[in-house]
>>> print(open('input15.csv').read())   # CSV, C-alpha atoms
chain,number,residue,atom,x,y,z
A,130,MET,CA,18.8,46.8,-42.4
A,131,PRO,CA,19.3,50.5,-41.6
A,132,ASP,CA,20.5,52.7,-44.5
A,133,VAL,CA,22.6,54.9,-42.2
A,134,PHE,CA,24.1,55.1,-38.7
A,135,VAL,CA,24.3,58.6,-37.2
A,136,SER,CA,27.1,59.4,-34.8
A,137,TYR,CA,26.7,62.7,-32.9
A,138,SER,CA,27.3,64.7,-29.8
A,139,ARG,CA,24.4,65.1,-27.3
A,140,LYS,CA,24.9,68.9,-27.5
A,141,ASP,CA,24.0,68.7,-31.3
A,142,ARG,CA,20.8,66.7,-30.7
A,143,ALA,CA,18.4,69.4,-31.9
A,144,PHE,CA,20.1,69.4,-35.3
A,145,VAL,CA,20.3,65.6,-35.4
A,146,GLU,CA,16.6,65.3,-34.7
A,147,LYS,CA,15.9,67.7,-37.7
A,148,LEU,CA,18.3,65.6,-39.9
A,149,VAL,CA,16.7,62.3,-38.9
A,150,THR,CA,13.2,63.6,-39.6
A,151,ALA,CA,14.3,64.8,-43.1
A,152,LEU,CA,15.9,61.4,-43.8
A,153,ALA,CA,12.8,59.5,-42.7
A,154,GLU,CA,10.7,61.6,-45.0
A,155,LYS,CA,12.9,60.4,-47.8
A,156,LYS,CA,12.2,56.8,-46.7
A,157,ARG,CA,15.7,56.4,-45.2
A,158,ASP,CA,16.0,53.9,-42.3
A,159,VAL,CA,18.2,55.6,-39.8
A,160,TRP,CA,19.9,54.1,-36.8
A,161,VAL,CA,20.3,56.7,-34.1
A,162,ASP,CA,20.9,56.0,-30.4
A,163,PHE,CA,18.1,58.2,-29.1
A,164,GLU,CA,15.6,55.9,-31.0
A,165,ASP,CA,17.3,52.5,-31.3
A,166,ILE,CA,18.9,51.6,-28.0
A,167,PRO,CA,16.4,49.6,-25.9
A,168,PHE,CA,15.9,50.5,-22.2
A,169,ALA,CA,18.6,48.9,-19.9
A,170,ALA,CA,20.4,47.5,-22.9
A,171,GLU,CA,24.2,47.3,-23.1
A,172,TRP,CA,24.7,50.6,-24.9
A,173,TRP,CA,28.1,49.9,-26.5
A,174,GLU,CA,27.0,46.4,-27.8
A,175,GLU,CA,23.9,48.0,-29.3
A,176,ILE,CA,25.9,50.7,-31.0
A,177,GLN,CA,28.2,48.1,-32.4
A,178,LYS,CA,25.2,46.2,-33.9
A,179,GLY,CA,23.9,49.5,-35.3
A,180,ILE,CA,27.2,50.2,-37.0
A,181,GLU,CA,27.5,46.7,-38.4
A,182,SER,CA,24.0,46.6,-39.7
A,183,SER,CA,24.0,50.0,-41.4
A,184,GLU,CA,25.0,50.8,-45.0
A,185,SER,CA,26.8,54.0,-44.2
A,186,ALA,CA,27.8,56.1,-41.2
A,187,ILE,CA,27.1,59.9,-40.9
A,188,PHE,CA,29.4,61.8,-38.5
A,189,VAL,CA,27.9,65.0,-37.3
A,190,ILE,CA,31.0,67.1,-36.8
A,191,SER,CA,31.3,69.9,-34.3
A,192,PRO,CA,33.8,70.9,-31.6
A,193,ASP,CA,31.7,69.1,-29.0
A,194,TYR,CA,31.6,66.0,-31.2
A,195,LEU,CA,35.4,65.9,-31.6
A,196,ALA,CA,35.8,66.3,-27.8
A,197,SER,CA,33.6,63.3,-27.0
A,198,GLU,CA,35.4,60.1,-26.1
A,199,VAL,CA,32.3,58.0,-27.1
A,200,CYS,CA,32.2,59.6,-30.5
A,201,GLY,CA,35.9,58.6,-31.0
A,202,LEU,CA,35.0,55.0,-30.2
A,203,GLU,CA,32.3,55.1,-32.8
A,204,VAL,CA,34.6,56.5,-35.4
A,205,ASN,CA,37.2,53.7,-34.8
A,206,TYR,CA,34.5,51.0,-34.9
A,207,VAL,CA,33.1,52.3,-38.2
A,208,ARG,CA,36.6,52.4,-39.6
A,209,LYS,CA,37.3,48.9,-38.3
A,210,ASN,CA,34.3,47.5,-40.2
A,211,ASN,CA,35.1,49.4,-43.4
A,212,LYS,CA,31.8,51.2,-43.5
A,213,ARG,CA,31.5,54.2,-45.8
A,214,ILE,CA,32.0,57.4,-43.7
A,215,ILE,CA,30.0,60.6,-44.6
A,216,PRO,CA,31.2,63.5,-42.5
A,217,ILE,CA,28.8,66.5,-42.2
A,218,VAL,CA,29.7,69.7,-40.4
A,219,VAL,CA,27.1,71.3,-38.2
A,220,GLN,CA,29.7,73.6,-36.6
A,221,ARG,CA,33.2,74.2,-38.0
A,222,PRO,CA,35.9,72.8,-35.7
A,223,GLU,CA,39.6,73.7,-35.7
A,224,ARG,CA,41.3,71.5,-38.3
A,225,LYS,CA,44.0,70.4,-36.0
A,226,THR,CA,41.4,68.7,-33.7
A,227,VAL,CA,40.0,66.6,-36.6
A,228,PRO,CA,41.3,63.0,-36.7
A,229,ASP,CA,42.9,61.8,-39.9
A,230,THR,CA,40.1,59.4,-40.6
A,231,LEU,CA,37.7,62.3,-41.0
A,232,ALA,CA,40.1,65.0,-42.3
A,233,ALA,CA,40.9,63.0,-45.4
A,234,LEU,CA,37.3,62.9,-46.6
A,235,ASN,CA,35.0,65.4,-48.4
A,236,TRP,CA,32.7,67.2,-45.9
A,237,ILE,CA,29.1,68.3,-46.4
A,238,PHE,CA,28.5,71.5,-44.6
A,239,PHE,CA,25.3,72.1,-42.7
A,240,ASP,CA,26.6,75.0,-40.7
A,241,ASN,CA,24.4,77.5,-42.5
A,242,PRO,CA,20.7,76.9,-41.4
A,243,ASP,CA,19.5,78.8,-44.5
A,244,SER,CA,21.2,76.2,-46.8
A,245,PHE,CA,19.9,73.1,-45.1
A,246,GLU,CA,17.9,71.9,-48.2
A,247,ASP,CA,20.9,72.3,-50.5
A,248,SER,CA,23.2,70.5,-48.1
A,249,PHE,CA,20.6,67.8,-47.5
A,250,ASN,CA,20.3,67.2,-51.3
A,251,LYS,CA,24.0,66.6,-51.5
A,252,LEU,CA,23.7,64.2,-48.6
A,253,GLN,CA,21.0,62.3,-50.4
A,254,THR,CA,23.0,62.0,-53.5
A,255,THR,CA,26.0,60.7,-51.5
A,256,LEU,CA,23.9,58.1,-49.7
A,257,SER,CA,22.4,56.8,-53.0
A,258,THR,CA,25.8,56.1,-54.5
A,259,ASN,CA,26.7,52.4,-55.0
A,260,LEU,CA,23.8,51.4,-52.8
A,261,VAL,CA,23.7,47.8,-54.0
A,262,GLU,CA,27.4,47.2,-53.2
A,263,MET,CA,27.0,48.8,-49.8
A,264,ARG,CA,24.1,46.6,-49.0
A,265,GLN,CA,26.1,43.5,-50.0
A,266,HIS,CA,29.0,44.7,-47.9
A,267,THR,CA,26.7,45.2,-44.9
A,268,ARG,CA,24.9,41.9,-45.3
A,269,LEU,CA,28.3,40.1,-45.5
A,270,LEU,CA,29.5,41.9,-42.3
A,271,VAL,CA,26.4,41.0,-40.4
A,272,LYS,CA,26.5,37.4,-41.4
A,273,ALA,CA,30.3,37.1,-40.7
A,274,SER,CA,29.8,38.7,-37.3
A,275,GLU,CA,27.0,36.2,-36.4
A,276,TRP,CA,29.2,33.4,-37.6
A,277,ALA,CA,32.0,34.6,-35.3
A,278,LYS,CA,29.8,35.0,-32.3
A,279,ALA,CA,28.4,31.4,-32.9
A,280,ALA,CA,32.0,29.9,-32.6
A,281,HIS,CA,32.4,29.6,-36.4
A,282,THR,CA,29.6,27.0,-36.8
A,283,ASP,CA,29.2,25.6,-40.3
A,284,SER,CA,25.5,26.0,-40.2
A,285,LEU,CA,25.8,29.8,-40.6
A,286,LEU,CA,28.1,29.7,-43.6
A,287,LEU,CA,26.9,31.0,-47.0
A,288,ARG,CA,25.3,28.7,-49.5
A,289,GLY,CA,23.9,28.7,-53.0
A,290,GLU,CA,23.0,31.9,-54.8
A,291,GLU,CA,23.9,34.0,-51.7
A,292,LEU,CA,27.4,32.7,-51.7
A,293,ASP,CA,27.7,33.3,-55.5
A,294,GLU,CA,26.6,36.9,-54.9
A,295,LEU,CA,28.7,37.8,-51.9
A,296,TYR,CA,31.9,35.8,-52.9
A,297,ARG,CA,32.5,38.5,-55.5
A,298,LEU,CA,33.4,40.8,-52.7
A,299,ILE,CA,36.4,38.8,-51.6
A,300,LYS,CA,39.0,40.8,-53.6
A,301,ARG,CA,37.7,44.2,-52.4
A,302,ASP,CA,39.9,46.3,-50.2
A,303,ASP,CA,37.1,47.3,-47.9
A,304,ILE,CA,36.3,43.9,-46.4
A,305,ASN,CA,38.1,43.0,-43.2
A,306,ASP,CA,39.9,39.7,-42.2
A,307,LEU,CA,36.7,38.3,-40.6
A,308,MET,CA,34.6,38.8,-43.7
A,309,ARG,CA,37.3,37.4,-45.9
A,310,ASP,CA,37.8,34.3,-43.7
A,311,PHE,CA,34.0,33.8,-43.6
A,312,LEU,CA,33.9,33.9,-47.4
A,313,GLN,CA,36.8,31.5,-47.8
A,314,ARG,CA,35.3,29.0,-45.3
A,315,SER,CA,31.9,29.3,-47.0
A,316,GLU,CA,33.5,28.5,-50.4
A,317,GLU,CA,35.4,25.6,-48.9
A,318,ARG,CA,32.2,24.2,-47.4
A,319,HIS,CA,30.5,24.7,-50.7
A,320,ARG,CA,33.2,22.9,-52.7
A,321,ARG,CA,33.1,19.9,-50.3
A,322,ASP,CA,29.3,19.7,-50.6
A,323,GLU,CA,29.6,20.0,-54.4
A,324,MET,CA,32.2,17.3,-54.6
A,325,ALA,CA,30.1,14.9,-52.5
A,326,GLN,CA,27.1,15.5,-54.6
A,327,ARG,CA,28.9,15.2,-57.9
A,328,PHE,CA,30.4,11.9,-56.7
A,329,PHE,CA,26.9,10.6,-55.6
A,330,TRP,CA,25.2,11.5,-58.9
A,331,GLY,CA,28.1,10.0,-60.8
A,332,LEU,CA,27.8,6.8,-58.8
A,333,MET,CA,24.0,6.8,-59.5
A,334,GLY,CA,24.6,7.3,-63.2
A,335,GLY,CA,26.9,4.3,-63.3
A,336,LEU,CA,24.6,2.1,-61.3
A,337,LEU,CA,21.4,3.0,-63.2
A,338,SER,CA,23.0,2.7,-66.6
A,339,ILE,CA,24.4,-0.8,-65.9
A,340,ALA,CA,21.1,-1.8,-64.3
A,341,PHE,CA,19.3,-0.6,-67.5
A,342,TRP,CA,21.7,-2.5,-69.7
A,343,ALA,CA,21.4,-5.7,-67.7
A,344,PHE,CA,17.6,-5.6,-67.4
A,345,SER,CA,17.2,-4.8,-71.1
A,346,THR,CA,19.8,-7.3,-72.4
A,347,PHE,CA,19.7,-10.3,-70.2
A,348,ARG,CA,16.1,-11.7,-70.7
A,349,SER,CA,16.6,-15.4,-70.4
A,350,ASP,CA,16.6,-17.5,-67.2
A,351,VAL,CA,20.1,-18.7,-68.1
A,352,LEU,CA,21.5,-15.2,-68.0
A,353,ILE,CA,19.4,-13.9,-65.1
A,354,ASP,CA,20.8,-15.9,-62.2
A,355,PRO,CA,22.0,-14.9,-58.7
A,356,ILE,CA,25.7,-14.9,-59.6
A,357,ARG,CA,25.1,-12.8,-62.8
A,358,LEU,CA,23.0,-10.4,-60.7
A,359,VAL,CA,25.7,-10.0,-58.1
A,360,TYR,CA,28.3,-9.3,-60.8
A,361,SER,CA,26.0,-6.8,-62.5
A,362,ILE,CA,25.5,-4.9,-59.2
A,363,ALA,CA,29.2,-4.9,-58.5
A,364,LEU,CA,29.9,-3.8,-62.0
A,365,GLY,CA,27.5,-0.9,-61.6
A,366,GLN,CA,29.1,0.1,-58.4
A,367,VAL,CA,32.6,0.2,-59.7
A,368,PHE,CA,31.6,2.0,-62.9
A,369,GLY,CA,29.6,4.5,-60.8
A,370,VAL,CA,32.6,5.1,-58.5
A,371,CYS,CA,34.8,5.8,-61.5
A,372,LEU,CA,32.2,8.2,-63.0
A,373,GLY,CA,31.9,9.9,-59.6
A,374,LEU,CA,35.6,10.3,-59.3
A,375,LEU,CA,35.8,11.7,-62.9
A,376,SER,CA,33.0,14.1,-62.2
A,377,MET,CA,34.7,15.3,-59.0
A,378,PHE,CA,38.1,15.7,-60.5
A,379,ALA,CA,36.9,17.4,-63.7
A,380,ASP,CA,35.8,20.4,-61.5
A,381,GLU,CA,38.1,20.2,-58.5
A,382,LEU,CA,41.4,19.0,-59.9
A,383,PRO,CA,42.2,22.1,-62.0
A,384,ASN,CA,41.9,24.3,-58.9
A,385,ARG,CA,44.1,21.9,-56.8
A,386,LEU,CA,46.7,21.7,-59.6
A,387,GLN,CA,46.7,25.5,-59.9
A,388,ARG,CA,47.7,25.8,-56.3
A,389,TRP,CA,50.2,23.0,-56.4
A,390,LEU,CA,51.8,23.6,-59.8
A,391,GLY,CA,51.3,27.3,-60.3
A,392,ASN,CA,51.0,28.5,-63.9
A,393,SER,CA,52.5,25.5,-65.7
A,394,GLN,CA,49.5,24.8,-68.0
A,395,ALA,CA,51.3,22.0,-70.0
A,396,LEU,CA,52.1,20.0,-66.8
A,397,ARG,CA,48.6,20.4,-65.4
A,398,LEU,CA,47.1,19.2,-68.7
A,399,VAL,CA,49.4,16.1,-68.8
A,400,LEU,CA,48.6,15.2,-65.2
A,401,ARG,CA,44.9,15.6,-65.8
A,402,SER,CA,45.0,13.5,-68.9
A,403,VAL,CA,46.9,10.7,-67.2
A,404,LEU,CA,44.6,10.6,-64.2
A,405,PHE,CA,41.4,10.7,-66.3
A,406,THR,CA,42.6,8.1,-68.7
A,407,GLY,CA,43.7,5.7,-65.9
A,408,ILE,CA,40.3,6.0,-64.2
A,409,SER,CA,38.4,5.6,-67.5
A,410,ILE,CA,40.3,2.5,-68.6
A,411,PHE,CA,39.7,1.0,-65.1
A,412,ALA,CA,36.0,1.7,-65.5
A,413,TRP,CA,35.8,-0.3,-68.7
A,414,ALA,CA,38.1,-3.0,-67.4
A,415,SER,CA,35.7,-3.6,-64.5
A,416,TYR,CA,33.1,-4.4,-67.1
A,417,VAL,CA,35.3,-7.2,-68.4
A,418,TRP,CA,36.4,-8.5,-65.0
A,419,PHE,CA,32.9,-8.7,-63.5
A,420,LEU,CA,31.6,-10.6,-66.5
A,421,GLN,CA,34.3,-13.3,-65.8
A,422,ARG,CA,36.2,-12.6,-69.0
A,423,LEU,CA,39.6,-11.4,-68.0
A,424,SER,CA,41.1,-9.2,-70.7
A,425,THR,CA,44.2,-11.0,-72.1
A,426,THR,CA,44.2,-10.5,-75.9
A,427,ARG,CA,45.4,-7.6,-78.0
A,428,GLN,CA,41.9,-7.0,-79.2
A,429,ASP,CA,40.7,-6.7,-75.6
A,430,THR,CA,43.5,-4.2,-74.8
A,431,ASN,CA,42.6,-2.2,-77.9
A,432,SER,CA,38.9,-2.0,-76.8
A,433,LEU,CA,39.8,-0.9,-73.3
A,434,LEU,CA,42.2,1.8,-74.6
A,435,LEU,CA,39.6,3.1,-77.0
A,436,GLY,CA,36.9,3.2,-74.5
A,437,GLY,CA,39.1,4.7,-71.7
A,438,VAL,CA,40.7,7.4,-73.9
A,439,ALA,CA,37.3,8.5,-75.3
A,440,LEU,CA,35.7,8.6,-71.8
A,441,ALA,CA,38.7,10.5,-70.4
A,442,LEU,CA,38.6,13.0,-73.3
A,443,GLY,CA,35.0,13.9,-72.5
A,444,PHE,CA,35.9,14.8,-68.9
A,445,LEU,CA,39.1,16.5,-70.0
A,446,ILE,CA,37.1,18.8,-72.3
A,447,ARG,CA,34.8,19.5,-69.3
A,448,SER,CA,37.7,20.5,-67.1
A,449,ILE,CA,39.1,22.9,-69.6
A,450,ALA,CA,36.3,24.4,-71.7
A,451,LYS,CA,33.6,26.8,-70.6
A,452,LEU,CA,30.4,25.4,-72.1
A,453,PRO,CA,26.8,24.9,-71.0
A,454,ALA,CA,26.2,21.8,-68.9
A,455,TRP,CA,23.9,20.2,-71.5
A,456,VAL,CA,26.6,20.5,-74.1
A,457,PHE,CA,29.1,18.6,-71.8
A,458,THR,CA,26.4,16.0,-71.2
A,459,LEU,CA,26.0,15.4,-74.9
A,460,VAL,CA,29.7,15.4,-75.5
A,461,ILE,CA,30.4,12.9,-72.8
A,462,ALA,CA,27.4,10.7,-73.8
A,463,ALA,CA,28.8,10.6,-77.4
A,464,LEU,CA,32.3,9.8,-76.3
A,465,ILE,CA,30.9,6.9,-74.1
A,466,TRP,CA,28.7,5.5,-76.9
A,467,LEU,CA,31.1,5.8,-79.9
A,468,PRO,CA,33.6,3.2,-78.6
A,469,VAL,CA,30.7,0.9,-77.9
A,470,TYR,CA,29.4,1.3,-81.4
A,471,ILE,CA,32.9,1.0,-83.0
A,472,THR,CA,33.8,-2.2,-81.1
A,473,TYR,CA,30.5,-3.9,-81.8
A,474,GLN,CA,30.9,-3.7,-85.6
A,475,ASP,CA,31.9,-7.0,-87.3
A,476,ASN,CA,34.3,-5.2,-89.7
A,477,TYR,CA,36.5,-4.0,-86.9
A,478,THR,CA,38.5,-7.1,-86.1
A,479,ASN,CA,41.0,-5.3,-83.9
A,480,PHE,CA,38.4,-4.9,-81.1
A,481,VAL,CA,36.1,-7.0,-79.0
A,482,PRO,CA,32.7,-5.5,-78.0
A,483,LEU,CA,33.0,-3.2,-75.0
A,484,ILE,CA,29.3,-4.0,-74.2
A,485,TYR,CA,27.4,-7.1,-75.3
A,486,PHE,CA,23.9,-7.1,-76.7
A,487,ASP,CA,21.4,-9.7,-77.7
A,488,VAL,CA,21.1,-8.3,-81.2
A,489,PRO,CA,23.1,-5.7,-83.1
A,490,GLU,CA,20.2,-3.2,-83.2
A,491,GLN,CA,20.6,-2.8,-79.4
A,492,VAL,CA,23.8,-0.8,-79.9
A,493,PHE,CA,21.3,2.0,-80.7
A,494,THR,CA,18.2,1.1,-78.7
A,495,ILE,CA,20.1,0.2,-75.5
A,496,GLY,CA,23.6,1.6,-76.0
A,497,ILE,CA,22.5,5.2,-76.5
A,498,PRO,CA,20.3,5.3,-73.4
A,499,VAL,CA,23.1,3.7,-71.4
A,500,ALA,CA,25.5,6.4,-72.5
A,501,LEU,CA,23.0,9.2,-71.8
A,502,ILE,CA,22.2,7.9,-68.3
A,503,MET,CA,25.9,7.8,-67.5
A,504,ALA,CA,26.5,11.3,-68.9
A,505,ILE,CA,23.5,12.8,-67.1
A,506,GLY,CA,24.6,11.3,-63.8
A,507,ALA,CA,28.2,12.6,-64.3
A,508,ASN,CA,26.8,16.1,-65.0
A,509,PHE,CA,23.6,16.1,-63.0
A,510,ARG,CA,24.4,19.0,-60.6
A,511,ALA,CA,25.4,21.3,-63.4
A,512,VAL,CA,22.5,20.3,-65.6
A,513,TYR,CA,20.0,20.8,-62.7
A,514,ARG,CA,21.4,24.2,-61.8
A,515,GLN,CA,21.3,25.3,-65.5
A,516,ALA,CA,17.8,24.0,-65.9
A,517,ALA,CA,16.7,26.0,-62.8
A,518,ILE,CA,18.2,29.2,-64.3
A,519,TYR,CA,16.4,28.6,-67.6
A,520,TYR,CA,13.2,28.0,-65.7
A,521,GLN,CA,13.6,31.3,-63.7
A,522,GLN,CA,14.3,33.2,-66.9
A,523,ALA,CA,11.3,31.7,-68.7
A,524,THR,CA,9.1,32.5,-65.7
A,525,ALA,CA,10.4,36.1,-65.6
A,526,ARG,CA,9.7,36.5,-69.3
A,527,THR,CA,6.2,35.1,-68.9
A,528,ALA,CA,5.5,37.5,-66.0
A,529,ALA,CA,6.9,40.4,-67.9
A,530,THR,CA,4.7,39.6,-71.0
A,531,ALA,CA,1.6,39.2,-68.8
A,532,SER,CA,2.1,42.6,-67.2
A,533,ILE,CA,2.2,44.4,-70.6
>>> encode(input="input15.csv", output="structure tokens")
Amino acid sequence: MPDVFVSYSRKDRAFVEKLVTALAEKKRDVWVDFEDIPFAAEWWEEIQKGIESSESAIFVISPDYLASEVCGLEVNYVRKNNKRIIPIVVQRPERKTVPDTLAALNWIFFDNPDSFEDSFNKLQTTLSTNLVEMRQHTRLLVKASEWAKAAHTDSLLLRGEELDELYRLIKRDDINDLMRDFLQRSEERHRRDEMAQRFFWGLMGGLLSIAFWAFSTFRSDVLIDPIRLVYSIALGQVFGVCLGLLSMFADELPNRLQRWLGNSQALRLVLRSVLFTGISIFAWASYVWFLQRLSTTRQDTNSLLLGGVALALGFLIRSIAKLPAWVFTLVIAALIWLPVYITYQDNYTNFVPLIYFDVPEQVFTIGIPVALIMAIGANFRAVYRQAAIYYQQATARTAATASI
């Protein structure tokens, strides 16, 4: 992308050629119409593209420039796209002829040929200011314009690290409505994709954990029969759906409630707690139902409440706290496993086992892996993203060490 767009009057071309040469010697990429408009091209469309793709715009001010209708169009388009304007004066005009857009800015004077170097150094300093932010702004404008020209197709919306980088600009005053709408639509698309993937991996965590439990526990021909297999698959699906919903809601629900309920933190916390607990109890209840043992006793109810509240607490912590993904994974795994361990102990007569094992030792050898598989599935996206960051950091450190 060009560093700078140059707007000038044809009568000042000799000065502009000298300026462009000096900028090129400083490794500046300059967009200027006597170099960059292809033969027979639509000149105004090409100028618009040049303005959109440049970091800054230099206006070469002179009486002839201010009298030019085309130059006025360029000034308005630069202003419309919130590009940084750098006015330089090659010949002093009357102040009353200068539009407000230019009059309000600090000018760099090039009207003394003997002081060209000093003036050029000032221009260089100005162009180098906030270069990273200007490049982000320009990249966002170019992508938003391409998206608009392509009838707002979703395939051109921002994703991944690029969205994370450019979405920070959304609160800046110098982005226009198109850029803001582009960022918002990109974020909405990103959230939908994230919700779908969180649900999918939560579902897979539930399926794989129940499959692991069933395969590891039911070894005899009596237990492994077609009906039991169907029930185990159904159980894994229901448990997975519940984990997928909890994973989705833990990240998305706080944002929704913020929009619906405003700043009422207490009410948001109550609603999240009720929803998470209801889904979590239903997840453990499905285990009982699909094993053909409908929960009717007080001990059954106590077990479901213990397991449901513990599971809900894990996702409630995730929706509130700001901790690394691996920490959430361990917390949720622990809160899944602890009720399994408590209810399996003989000395706790107020509970029936949430999960059945062949032998008591399996509460560790099978129960812990089951809880970890569920927790990893429910947090897979965040864990994967964090692992990728750690890998990139480790690679960068290794490369830096090797270069010493």
>>> atom_distance(input="input15.csv", atom1="CA of Val219 in chain A", atom2="CA of Asp243 in chain A")
12.4 Å
>>> closest_residue(input="input15.csv", among="A:Val133, A:Leu372, A:Met377, A:Ala279", to="Arg264 in chain A", atoms="all atoms listed in the file")
A:Val133
>>> residues_around(input="input15.csv", residues="Trp236 in chain A", least_positions_apart="3", cutoff="9 Å", atoms="all atoms listed in the file", output="list in words")
Ile215, Pro216, Ile217, Val218, Leu231 and Ala232 of chain A
>>> closest_residue(input="input15.csv", among="A:Ala523, A:Val149, A:Ala507, A:Leu398", to="Gln326 in chain A", atoms="all atoms listed in the file")
A:Ala507
>>> atom_distance(input="input15.csv", atom1="CA of Arg301 in chain A", atom2="CA of Ala273 in chain A")
15.6 Å
>>> atom_distance(input="input15.csv", atom1="CA of Leu148 in chain A", atom2="CA of Val199 in chain A")
20.4 Å
>>> residues_around(input="input15.csv", residues="Glu323 in chain A", least_positions_apart="2", cutoff="12 Å", atoms="only C-alpha atoms", output="PyMOL selection string")
chain A and resi 288-289+316-321+325-331+373+376-378+380-381+508-511+514
>>> residues_around(input="input15.csv", residues="Gly437 in chain A", least_positions_apart="6", cutoff="10 Å", atoms="only C-alpha atoms", output="ChimeraX atom specification")
/A:405-414,431,464-465,468
>>> closest_residue(input="input15.csv", among="A:Thr494, A:Tyr473, A:Ala379, A:Ala462", to="Ile449 in chain A", atoms="all atoms listed in the file")
A:Ala379
>>> residues_around(input="input15.csv", residues="Asp306 in chain A", least_positions_apart="5", cutoff="12 Å", atoms="all atoms listed in the file", output="number ranges by chain")
A: 209-211, 270, 273-274, 277, 299-301, 311-313
>>> closest_residue(input="input15.csv", among="A:Leu152, A:Leu307, A:Ile484, A:Ile187", to="Glu246 in chain A", atoms="all atoms listed in the file")
A:Leu152
>>> closest_residue(input="input15.csv", among="A:Leu483, A:Ser185, A:Val499, A:Asn305", to="Thr255 in chain A", atoms="only C-alpha atoms")
A:Ser185
>>> residues_near_point(input="input15.csv", point="(27.4, 61.8, -38.1)", cutoff="6 Å", atoms="all atoms listed in the file", output="VMD selection string")
chain A and resid 135 to 137 187 to 189
>>> closest_residue(input="input15.csv", among="A:Phe245, A:Trp466, A:Tyr194, A:Phe493", to="Pro222 in chain A", atoms="all atoms listed in the file")
A:Tyr194
>>> residues_around(input="input15.csv", residues="Glu223 in chain A", least_positions_apart="4", cutoff="10 Å", atoms="only C-alpha atoms", output="list in words")
Ser191, Pro192, Leu195 and Val227 of chain A
>>> write_last_selection(input="input15.csv", atoms="C-alpha atoms", output="PDB file, in the frame of the given file")
ATOM      1  CA  SER A 191      31.300  69.900 -34.300  1.00  0.00           C
ATOM      2  CA  PRO A 192      33.800  70.900 -31.600  1.00  0.00           C
ATOM      3  CA  LEU A 195      35.400  65.900 -31.600  1.00  0.00           C
ATOM      4  CA  VAL A 227      40.000  66.600 -36.600  1.00  0.00           C
TER       5      VAL A 227
END
